[in-house]
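**Student:** Take a look at data_29.csv, CSV, C-alpha atoms:
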chain,number,residue,atom,x,y,z
A,11,MET,CA,44.0,-85.2,-59.3
A,12,SER,CA,46.0,-82.7,-57.3
A,13,ARG,CA,48.8,-80.8,-59.1
A,14,TYR,CA,51.1,-81.7,-56.2
A,15,ARG,CA,50.9,-85.4,-56.9
A,16,LYS,CA,53.0,-85.0,-60.0
A,17,GLY,CA,50.9,-87.4,-62.0
A,18,THR,CA,51.4,-90.2,-59.5
A,19,GLN,CA,48.6,-91.7,-57.3
A,20,LEU,CA,50.2,-91.5,-53.8
A,21,GLN,CA,49.3,-93.7,-50.9
A,22,SER,CA,48.9,-92.5,-47.3
A,23,LYS,CA,51.8,-94.8,-46.2
A,24,LEU,CA,54.9,-94.6,-48.3
A,25,ALA,CA,57.4,-97.4,-48.8
A,26,ALA,CA,60.3,-96.6,-46.5
A,27,PRO,CA,63.3,-96.4,-46.5
A,28,GLY,CA,63.7,-96.2,-50.2
A,29,THR,CA,61.1,-93.4,-50.8
A,30,ARG,CA,62.6,-90.3,-52.3
A,31,ILE,CA,62.2,-87.3,-50.0
A,32,GLU,CA,60.6,-85.2,-52.8
A,33,THR,CA,57.8,-87.8,-53.1
A,34,THR,CA,57.2,-87.5,-49.3
A,35,ILE,CA,57.0,-83.7,-49.7
A,36,ASN,CA,54.5,-84.1,-52.4
A,37,ALA,CA,52.4,-86.3,-50.2
A,38,PHE,CA,52.7,-83.7,-47.4
A,39,LEU,CA,51.5,-81.0,-49.8
A,40,ASP,CA,48.6,-83.2,-50.9
A,41,ALA,CA,47.6,-83.7,-47.3
A,42,GLN,CA,47.7,-80.0,-46.7
A,43,GLU,CA,45.5,-79.4,-49.8
A,44,ARG,CA,42.9,-81.9,-48.5
A,45,MET,CA,42.8,-79.9,-45.2
A,46,GLY,CA,41.6,-76.9,-47.2
A,47,ARG,CA,44.7,-74.8,-47.4
A,48,SER,CA,44.7,-72.0,-49.8
A,49,PRO,CA,46.7,-72.2,-53.0
A,50,ARG,CA,48.9,-69.3,-51.9
A,51,TYR,CA,49.7,-71.2,-48.7
A,52,LEU,CA,50.5,-74.3,-50.6
A,53,GLU,CA,52.8,-72.5,-53.0
A,54,LYS,CA,54.7,-71.0,-50.0
A,55,LEU,CA,55.1,-74.5,-48.4
A,56,ARG,CA,56.4,-75.9,-51.7
A,57,SER,CA,58.9,-73.0,-52.3
A,58,TYR,CA,60.4,-73.6,-48.8
A,59,LEU,CA,60.5,-77.4,-49.0
A,60,ILE,CA,61.4,-78.0,-52.6
A,61,GLY,CA,62.4,-74.6,-54.0
A,62,GLY,CA,61.3,-72.6,-57.0
A,63,GLY,CA,59.0,-69.6,-57.2
A,64,LYS,CA,59.8,-66.2,-55.9
A,65,ARG,CA,61.6,-67.4,-52.8
A,66,THR,CA,64.5,-69.2,-54.5
A,67,ALA,CA,66.9,-66.3,-54.3
A,68,TRP,CA,66.7,-65.7,-50.6
A,69,THR,CA,65.7,-69.1,-49.1
A,70,PRO,CA,68.7,-71.2,-48.0
A,71,LEU,CA,68.9,-74.5,-49.8
A,72,LEU,CA,67.6,-77.6,-48.1
A,73,PRO,CA,69.9,-80.6,-47.5
A,74,TRP,CA,68.0,-82.7,-50.0
A,75,SER,CA,67.9,-80.0,-52.7
A,76,ILE,CA,71.6,-80.1,-53.4
A,77,GLY,CA,71.9,-83.9,-53.4
A,78,ARG,CA,73.2,-84.5,-49.9
A,79,VAL,CA,70.1,-86.4,-48.9
A,80,ASP,CA,68.0,-88.5,-51.3
A,81,ALA,CA,65.7,-90.5,-49.0
A,82,LEU,CA,63.9,-89.4,-45.9
A,83,ALA,CA,65.4,-92.2,-43.9
A,84,SER,CA,68.9,-90.8,-44.6
A,85,LEU,CA,68.0,-87.5,-42.9
A,86,ASP,CA,69.9,-87.2,-39.6
A,87,ARG,CA,70.3,-84.6,-36.9
A,88,SER,CA,73.5,-83.1,-38.1
A,89,GLN,CA,72.0,-82.3,-41.5
A,90,VAL,CA,68.9,-80.6,-40.1
A,91,GLU,CA,71.0,-78.6,-37.6
A,92,ALA,CA,73.4,-77.5,-40.4
A,93,TYR,CA,70.5,-76.4,-42.5
A,94,LEU,CA,69.0,-74.4,-39.6
A,95,SER,CA,72.4,-72.8,-38.9
A,96,GLN,CA,72.6,-71.7,-42.5
A,97,ALA,CA,69.0,-70.3,-42.4
A,98,SER,CA,69.8,-68.3,-39.2
A,99,LYS,CA,72.2,-66.2,-41.3
A,100,ALA,CA,69.3,-64.8,-43.2
A,101,THR,CA,66.8,-62.3,-41.9
A,102,ARG,CA,64.9,-63.1,-38.8
A,103,LEU,CA,61.7,-63.4,-40.8
A,104,VAL,CA,63.1,-65.9,-43.2
A,105,TYR,CA,64.6,-67.9,-40.3
A,106,ALA,CA,61.2,-68.0,-38.5
A,107,LYS,CA,59.4,-69.3,-41.6
A,108,VAL,CA,62.1,-71.9,-42.3
A,109,CYS,CA,61.8,-73.2,-38.7
A,110,MET,CA,58.0,-73.2,-38.8
A,111,ILE,CA,57.7,-75.0,-42.1
A,112,SER,CA,60.5,-77.5,-41.5
A,113,GLY,CA,59.0,-78.4,-38.1
A,114,LEU,CA,55.5,-78.8,-39.7
A,115,PHE,CA,56.8,-81.1,-42.4
A,116,LEU,CA,59.0,-83.3,-40.1
A,117,THR,CA,56.2,-83.5,-37.5
A,118,TRP,CA,53.8,-84.7,-40.2
A,119,CYS,CA,56.4,-87.3,-41.3
A,120,VAL,CA,56.5,-88.6,-37.7
A,121,SER,CA,52.7,-88.8,-37.5
A,122,GLU,CA,52.6,-90.7,-40.7
A,123,ASP,CA,55.3,-93.2,-39.5
A,124,GLU,CA,57.8,-92.0,-42.2
A,125,LEU,CA,60.2,-91.1,-39.4
A,126,PRO,CA,60.5,-92.8,-36.0
A,127,ALA,CA,61.1,-89.4,-34.3
A,128,LEU,CA,62.2,-85.8,-35.0
A,129,PRO,CA,65.9,-85.7,-35.9
A,130,CYS,CA,66.3,-82.7,-33.6
A,131,LEU,CA,64.3,-80.1,-31.7
A,132,ILE,CA,63.4,-77.4,-34.2
A,133,PRO,CA,63.2,-74.0,-32.5
A,134,ARG,CA,60.2,-71.7,-32.9
A,135,PRO,CA,61.6,-68.2,-32.9
A,136,LYS,CA,59.2,-65.4,-32.3
A,137,ARG,CA,58.5,-63.2,-35.2
A,138,LEU,CA,59.1,-59.5,-34.7
A,139,ARG,CA,55.9,-57.6,-35.2
A,140,ALA,CA,56.3,-54.5,-37.4
A,141,GLU,CA,54.9,-51.2,-36.3
A,142,ILE,CA,51.3,-50.7,-37.6
A,143,ARG,CA,51.1,-47.6,-39.6
A,144,VAL,CA,47.5,-46.3,-39.7
A,145,PHE,CA,45.9,-43.5,-41.6
A,146,VAL,CA,45.1,-40.3,-39.6
A,147,ARG,CA,41.6,-38.9,-40.1
A,148,ALA,CA,42.9,-36.0,-42.1
A,149,GLU,CA,44.5,-38.4,-44.7
A,150,VAL,CA,41.2,-40.3,-45.0
A,151,LEU,CA,39.4,-37.1,-45.7
A,152,ARG,CA,41.8,-36.3,-48.4
A,153,LEU,CA,41.4,-39.8,-49.8
A,154,ARG,CA,37.6,-39.3,-49.7
A,155,ASP,CA,37.8,-36.1,-51.8
A,156,ILE,CA,40.0,-37.9,-54.4
A,157,VAL,CA,37.8,-41.0,-54.7
A,158,ARG,CA,34.6,-38.9,-55.0
A,159,GLN,CA,36.0,-37.6,-58.3
A,160,GLU,CA,36.4,-41.1,-59.7
A,161,ASN,CA,33.5,-43.4,-60.4
A,162,VAL,CA,30.7,-45.3,-58.7
A,163,ARG,CA,32.7,-48.6,-58.4
A,164,ASP,CA,35.8,-46.9,-56.8
A,165,TRP,CA,33.5,-45.1,-54.3
A,166,ALA,CA,31.8,-48.3,-53.3
A,167,ILE,CA,35.2,-50.0,-52.8
A,168,PHE,CA,36.4,-47.1,-50.7
A,169,LEU,CA,33.4,-47.1,-48.4
A,170,LEU,CA,33.4,-50.9,-48.1
A,171,LEU,CA,37.0,-50.9,-47.0
A,172,LEU,CA,36.2,-48.3,-44.4
A,173,ASP,CA,33.0,-50.0,-43.3
A,174,THR,CA,34.1,-53.5,-42.8
A,175,GLY,CA,37.9,-53.8,-42.6
A,176,ILE,CA,37.7,-56.5,-45.2
A,177,ARG,CA,40.9,-58.1,-46.6
A,178,ALA,CA,41.9,-57.4,-50.2
A,179,SER,CA,41.5,-61.1,-51.3
A,180,GLU,CA,38.1,-61.2,-49.6
A,181,LEU,CA,36.9,-58.1,-51.4
A,182,CYS,CA,38.1,-59.3,-54.8
A,183,GLY,CA,36.5,-62.8,-54.1
A,184,LEU,CA,33.0,-61.5,-53.4
A,185,HIS,CA,30.2,-62.9,-55.5
A,186,VAL,CA,27.0,-61.1,-56.3
A,187,ALA,CA,25.1,-63.4,-53.9
A,188,ASP,CA,27.5,-62.7,-51.0
A,189,ILE,CA,25.9,-59.3,-50.4
A,190,ARG,CA,22.5,-59.8,-48.6
A,191,TRP,CA,20.7,-56.6,-49.5
A,192,ASP,CA,17.6,-57.2,-47.4
A,193,ARG,CA,19.6,-57.8,-44.2
A,194,GLY,CA,22.3,-55.2,-44.9
A,195,GLU,CA,25.3,-57.6,-44.5
A,196,VAL,CA,28.0,-59.3,-46.5
A,197,LEU,CA,29.0,-62.9,-46.3
A,198,ILE,CA,32.7,-63.9,-46.3
A,199,ARG,CA,32.7,-67.4,-47.6
A,200,PRO,CA,35.2,-70.0,-46.3
A,201,GLU,CA,36.7,-70.2,-49.9
A,202,ILE,CA,37.9,-66.6,-49.7
A,203,SER,CA,38.5,-66.3,-46.0
A,204,LYS,CA,42.1,-66.5,-44.8
A,205,ASN,CA,41.5,-69.0,-42.0
A,206,ARG,CA,38.8,-70.9,-44.1
A,207,ARG,CA,36.0,-69.9,-41.7
A,208,PRO,CA,32.9,-68.1,-42.8
A,209,ARG,CA,31.8,-64.9,-41.2
A,210,VAL,CA,29.1,-62.2,-41.6
A,211,ILE,CA,29.8,-58.5,-41.4
A,212,LEU,CA,27.1,-55.9,-41.1
A,213,LEU,CA,27.0,-53.0,-43.6
A,214,SER,CA,26.3,-49.5,-42.6
A,215,GLY,CA,27.8,-46.5,-44.5
A,216,SER,CA,28.7,-48.4,-47.6
A,217,LEU,CA,25.3,-50.0,-48.3
A,218,SER,CA,24.0,-47.1,-50.4
A,219,ALA,CA,27.1,-46.9,-52.5
A,220,LEU,CA,27.0,-50.6,-53.1
A,221,ARG,CA,23.4,-50.4,-54.3
A,222,LYS,CA,24.3,-47.7,-56.8
A,223,TYR,CA,27.2,-49.7,-58.1
A,224,ARG,CA,25.0,-52.8,-58.4
A,225,ILE,CA,22.5,-50.8,-60.6
A,226,LEU,CA,25.1,-49.5,-63.0
A,227,ARG,CA,26.9,-52.8,-63.0
A,228,GLY,CA,23.9,-54.7,-64.2
A,229,ASP,CA,22.4,-58.0,-63.3
A,230,SER,CA,24.4,-61.2,-63.7
A,231,HIS,CA,24.7,-64.7,-62.3
A,232,GLU,CA,24.9,-64.9,-58.6
A,233,ASP,CA,28.2,-66.8,-58.7
A,234,SER,CA,29.9,-64.1,-60.8
A,235,ALA,CA,32.4,-61.6,-59.2
A,236,PHE,CA,30.8,-58.5,-57.7
A,237,PHE,CA,33.6,-56.1,-58.3
A,238,LEU,CA,34.7,-56.1,-62.0
A,239,SER,CA,37.8,-54.6,-63.5
A,240,PHE,CA,38.1,-51.9,-66.1
A,241,TYR,CA,39.2,-52.6,-69.7
A,242,SER,CA,42.1,-50.2,-69.1
A,243,THR,CA,43.6,-50.1,-65.6
A,244,PRO,CA,43.2,-46.6,-64.1
A,245,VAL,CA,46.7,-45.3,-63.4
A,246,VAL,CA,48.5,-42.0,-62.6
A,247,SER,CA,50.9,-40.8,-65.2
A,248,GLY,CA,53.7,-38.3,-64.7
A,249,GLY,CA,56.1,-37.7,-61.9
A,250,LYS,CA,55.4,-36.1,-58.5
A,251,SER,CA,55.9,-32.6,-59.9
A,252,GLN,CA,53.6,-33.1,-62.9
A,253,MET,CA,51.0,-35.6,-61.7
A,254,VAL,CA,48.2,-36.1,-64.2
A,255,ARG,CA,45.1,-38.1,-63.4
A,256,ARG,CA,43.6,-40.3,-66.0
A,257,ALA,CA,40.0,-39.9,-65.2
A,258,THR,CA,37.9,-43.1,-65.0
A,259,LYS,CA,34.4,-41.6,-64.4
A,260,ALA,CA,32.9,-43.8,-67.1
A,261,LEU,CA,32.2,-47.4,-66.1
A,262,CYS,CA,34.2,-49.2,-68.8
A,263,LEU,CA,33.7,-52.5,-67.0
A,264,SER,CA,34.9,-55.8,-68.3
A,265,ARG,CA,33.5,-59.2,-67.4
A,266,SER,CA,36.6,-60.3,-65.5
A,267,ALA,CA,36.9,-59.9,-61.7
A,268,LEU,CA,39.0,-57.2,-60.0
A,269,THR,CA,42.3,-58.9,-58.9
A,270,ARG,CA,44.3,-58.2,-55.8
A,271,VAL,CA,47.0,-56.6,-57.9
A,272,GLY,CA,44.5,-54.4,-59.5
A,273,LEU,CA,43.0,-53.4,-56.2
A,274,TYR,CA,46.5,-52.6,-54.7
A,275,GLN,CA,47.3,-50.5,-57.8
A,276,LEU,CA,43.9,-48.7,-57.5
A,277,VAL,CA,44.5,-47.8,-53.8
A,278,ALA,CA,48.1,-46.8,-54.4
A,279,LYS,CA,46.7,-44.4,-57.1
A,280,TRP,CA,44.4,-42.8,-54.5
A,281,GLY,CA,47.4,-42.4,-52.2
A,282,ARG,CA,49.5,-40.7,-54.8
A,283,LEU,CA,46.8,-38.3,-55.7
A,284,ALA,CA,46.0,-37.5,-52.1
A,285,GLY,CA,49.7,-36.9,-51.3
A,286,ILE,CA,49.9,-39.6,-48.6
A,287,THR,CA,53.5,-40.4,-47.7
A,288,GLU,CA,53.5,-41.3,-44.0
A,289,ALA,CA,51.5,-44.5,-44.2
A,290,ARG,CA,51.5,-47.1,-47.0
A,291,CYS,CA,48.4,-46.6,-49.0
A,292,SER,CA,47.1,-50.1,-49.4
A,293,PRO,CA,43.8,-52.0,-48.7
A,294,HIS,CA,45.4,-53.5,-45.5
A,295,THR,CA,46.0,-49.9,-44.2
A,296,PHE,CA,42.2,-49.4,-44.5
A,297,ARG,CA,41.8,-52.5,-42.4
A,298,HIS,CA,44.1,-51.1,-39.7
A,299,PHE,CA,42.2,-47.8,-39.8
A,300,PHE,CA,38.9,-49.6,-39.3
A,301,ALA,CA,40.2,-51.6,-36.4
A,302,THR,CA,41.7,-48.6,-34.5
A,303,GLU,CA,38.6,-46.5,-35.1
A,304,TYR,CA,36.5,-49.3,-33.8
A,305,LEU,CA,38.5,-49.5,-30.6
A,306,ARG,CA,38.6,-45.7,-30.2
A,307,ASN,CA,34.8,-45.7,-30.2
A,308,GLY,CA,34.9,-48.0,-27.2
A,309,ARG,CA,33.8,-51.2,-28.9
A,310,ASN,CA,34.4,-54.7,-27.7
A,311,ILE,CA,37.7,-56.2,-28.9
A,312,VAL,CA,36.3,-59.7,-29.0
A,313,VAL,CA,33.6,-58.5,-31.4
A,314,LEU,CA,36.4,-56.8,-33.5
A,315,GLN,CA,38.2,-60.1,-33.6
A,316,ARG,CA,35.2,-61.8,-35.2
A,317,ILE,CA,34.6,-59.0,-37.6
A,318,LEU,CA,38.3,-59.1,-38.8
A,319,GLY,CA,38.3,-62.9,-38.9
A,320,HIS,CA,41.3,-63.3,-36.7
A,321,SER,CA,41.9,-66.9,-35.3
A,322,ARG,CA,43.6,-65.6,-32.2
A,323,LEU,CA,42.8,-62.7,-29.9
A,324,ASP,CA,46.5,-61.7,-29.5
A,325,VAL,CA,46.6,-60.7,-33.2
A,326,THR,CA,43.7,-58.3,-32.7
A,327,GLU,CA,45.3,-56.9,-29.5
A,328,ARG,CA,48.1,-55.3,-31.6
A,329,TYR,CA,45.7,-52.5,-32.3
A,330,LEU,CA,45.4,-51.7,-28.6
A,331,ARG,CA,49.0,-50.4,-28.8
A,332,VAL,CA,48.0,-48.1,-31.5
A,333,VAL,CA,45.2,-46.5,-29.5
A,334,ALA,CA,47.1,-46.7,-26.2
A,335,ALA,CA,47.2,-42.9,-25.8
A,336,ASP,CA,43.4,-42.8,-26.2
A,337,LEU,CA,42.9,-45.6,-23.6
A,338,THR,CA,45.2,-43.8,-21.2
A,339,HIS,CA,43.1,-40.7,-21.5
A,340,SER,CA,40.0,-42.7,-21.0
A,341,GLN,CA,41.3,-44.3,-17.8
A,342,LYS,CA,42.3,-40.9,-16.5
A,343,HIS,CA,38.9,-39.4,-17.2
A,344,PHE,CA,36.7,-42.3,-16.0
A,345,SER,CA,38.6,-43.5,-13.0
A,346,PRO,CA,36.3,-44.3,-10.1
A,347,ALA,CA,38.8,-42.6,-7.8
A,348,ASN,CA,37.9,-39.2,-9.3
A,349,ALA,CA,34.2,-39.7,-8.3
A,350,PHE,CA,35.0,-40.8,-4.7
A,351,ALA,CA,37.6,-38.1,-4.2
A,352,SER,CA,35.2,-35.4,-5.1
A,353,ARG,CA,32.4,-36.9,-3.0
A,354,ASN,CA,30.1,-37.4,-6.0
A,355,PRO,CA,26.5,-36.9,-4.9
A,356,ARG,CA,25.5,-40.0,-6.8
A,357,TYR,CA,27.6,-42.2,-4.6
A,358,GLU,CA,26.4,-40.4,-1.4
A,359,LEU,CA,22.8,-41.0,-2.5
A,360,LEU,CA,23.4,-44.7,-2.8
A,361,GLU,CA,24.8,-44.8,0.7
A,362,ARG,CA,21.5,-43.4,2.1
A,363,VAL,CA,19.3,-46.0,0.3
A,364,PRO,CA,18.6,-48.9,2.8
A,365,PRO,CA,19.5,-52.3,1.4
A,366,SER,CA,16.6,-54.3,0.1
A,367,ARG,CA,15.6,-57.4,2.1
Produce structure tokens that represent the structure in this file.
**Tutor:**
Amino acid sequence: MSRYRKGTQLQSKLAAPGTRIETTINAFLDAQERMGRSPRYLEKLRSYLIGGGKRTAWTPLLPWSIGRVDALASLDRSQVEAYLSQASKATRLVYAKVCMISGLFLTWCVSEDELPALPCLIPRPKRLRAEIRVFVRAEVLRLRDIVRQENVRDWAIFLLLLDTGIRASELCGLHVADIRWDRGEVLIRPEISKNRRPRVILLSGSLSALRKYRILRGDSHEDSAFFLSFYSTPVVSGGKSQMVRRATKALCLSRSALTRVGLYQLVAKWGRLAGITEARCSPHTFRHFFATEYLRNGRNIVVLQRILGHSRLDVTERYLRVVAADLTHSQKHFSPANAFASRNPRYELLERVPPSR
């Protein structure tokens, strides 16, 4: 039984109008779980609709969370508008999430005949896209020199991040069987994919390092985690003036999987040792670097969308703004007007060739 049912077997159609609104929210979360939503996504929905968790301090209270509304049928337009007005005083990001989740929940209530219609039109404000900060190649070279002094596992993680642009959660969720050694590819299962869609990414420069780590790691069950954590987390001790590395050249691997927090701490350690301050040193910055280098090399953006696992192309197009200067130079260099203005012999030769019948 789902943990969102609160120990009660819920029916798809609830008894209106006396149904408590929290019961309706639990039914909504249960429906989202059946759709295959990730646990992190469900916790985010719950924190916005009911409260609790990390978002209690900065999320405006819902009308029903302070006793003004007890049943869903009592929810009217003035209460929803007052709540949205209160949420608009927060940051733009919070307001956008409140509008999105409230609209998703109330729309579901209408589709399930819990409400005859939406109490009011809920706006969908556009989220402000933050500037993408990407590593420059000199910073990646410094990171390479640092990671090479570590151990086989860290070197394999470093090259895999550069080779595939994989997400942190996907890397930590990889199983032994997900790496297809004979084909030179890695499978991202729907269980660990953000949009719950499987995809296959070809391996190139990281395949040799992954093989070496696999040998030192030892054989295990195919369903076990591929990247394991250390018994003691490798950290950097001392301040910026006296930075001392705690070497982790020996593979003191445990049997537990490397977590997202552990991966972020590991990459942040690399950044501190390499002295990177302009860009945030995180696994997602490696993902940005992979995408921008892929476009700089003249590759197809649609193929990049599939490699990164984006559901929409406009998300992938953000990287075009990062490489805009390179694209402008490319257009200036390869413009057809340059060839015709200089009377390129190749075009003149084509004019002399009679058309085929």
**Student:** Could you state the separation of CA of Arg331 in chain A and CA of Lys204 in chain A in Å, given to one decimal place?
**Tutor:** 23.7 Å
**Student:** Here is a test: counting all atoms listed in the file, which residue of A:Arg152, A:His320, A:Arg87, A:Lys54 is nearest to Val104 in chain A?
**Tutor:**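 Smallest distance to Val104 in chain A is found for A:Lys54.
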**Student:** Give me the residues within 8 Å of range 194-198 of chain A as an MDAnalysis selection string, counting all atoms listed in the file and dropping any in the same chain fewer than 5 places off.
**Tutor:** chainID A and resid 180 184 188:189 203 208:214 217
**Student:** Kindly indicate which residue among A:Arg147, A:Arg158, A:Arg30, A:Lys99 lies nearest to Glu303 in chain A, using all atoms listed in the file for the distances.
**Tutor:** A:Arg147
**Student:** For the atom pair CA of Gln159 in chain A and CA of Gln275 in chain A, what is the interatomic distance in Å to one decimal place?
**Tutor:**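 Pair CA of Gln159 in chain A / CA of Gln275 in chain A returns 17.2 Å.
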**Student:** Counting only C-alpha atoms, what is within 12 Å of range 127-134 of chain A, bar same-chain residues fewer than 3 positions away, as a ChimeraX atom specification?
**Tutor:** /A:82-95,98,102-103,105-124,137
**Student:** Which one is closest to Ala97 in chain A: A:Val332, A:Tyr58, A:Asn36, A:Ala278? Count only C-alpha atoms.
**Tutor:**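 Checking each of A:Val332, A:Tyr58, A:Asn36, A:Ala278 against Ala97 in chain A, counting only C-alpha atoms, the winner is A:Tyr58.
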**Student:** Which value, in Å to one decimal, gives the distance between CA of Arg306 in chain A and CA of Ser321 in chain A?
**Tutor:**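 Atom-to-atom, CA of Arg306 in chain A and CA of Ser321 in chain A are spaced 22.1 Å apart.
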**Student:** What are the closest atom pairs, with distances in Å to one decimal, for each residue of range 81-200 of chain A lying within 12 Å of range 227-230 of chain A, using only C-alpha atoms, rows by chain and rising residue number, as JSON lines?
**Tutor:**
{"residue": "A:Asn161", "atom": "CA", "partner": "A:Arg227", "partner_atom": "CA", "distance": 11.8}
{"residue": "A:Val162", "atom": "CA", "partner": "A:Arg227", "partner_atom": "CA", "distance": 9.4}
{"residue": "A:Arg163", "atom": "CA", "partner": "A:Arg227", "partner_atom": "CA", "distance": 8.5}
{"residue": "A:Ala166", "atom": "CA", "partner": "A:Arg227", "partner_atom": "CA", "distance": 11.8}
{"residue": "A:His185", "atom": "CA", "partner": "A:Ser230", "partner_atom": "CA", "distance": 10.2}
{"residue": "A:Val186", "atom": "CA", "partner": "A:Ser230", "partner_atom": "CA", "distance": 7.8}
{"residue": "A:Ala187", "atom": "CA", "partner": "A:Ser230", "partner_atom": "CA", "distance": 10.1}
**Student:** Pick from A:Ala219, A:Val144, A:Leu323, A:Leu305: nearest to Ala289 in chain A, with only C-alpha atoms counted?
**Tutor:**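 Checking each of A:Ala219, A:Val144, A:Leu323, A:Leu305 against Ala289 in chain A, counting only C-alpha atoms, the winner is A:Val144.
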**Student:** Determine, counting only C-alpha atoms, which protein, DNA and RNA residues have an atom within 7 Å of an atom of range 168-171 of chain A; residues of the same chain fewer than 6 positions away are not included. Present the result as a list in words.
**Tutor:**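 So, after excluding close chain neighbours, the residues are Gly215, Ser216, Phe296 and Arg297 of chain A.
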**Student:** (39.2, -37.7, -55.4) in this file's frame - what residues fall within 12 Å of it? Use all atoms listed in the file and give the answer as a ChimeraX atom specification.
**Tutor:** /A:149-162,164-165,168,255-259,277,279-285
**Student:** From the set A:Leu181, A:Ala301, A:Ala148, A:Leu226, which residue has the shortest atom-to-atom contact distance to Leu268 in chain A, counting all atoms listed in the file?
**Tutor:** A:Leu181
**Student:** Find the spatial neighbours of Arg328 in chain A, counting all atoms listed in the file, within a cut-off of 12 Å - ignore same-chain residues fewer than 3 positions away - and output them as a PyMOL selection string.
**Tutor:** chain A and resi 139-143+298+301-302+305+311+314-315+320+322-325+331-334
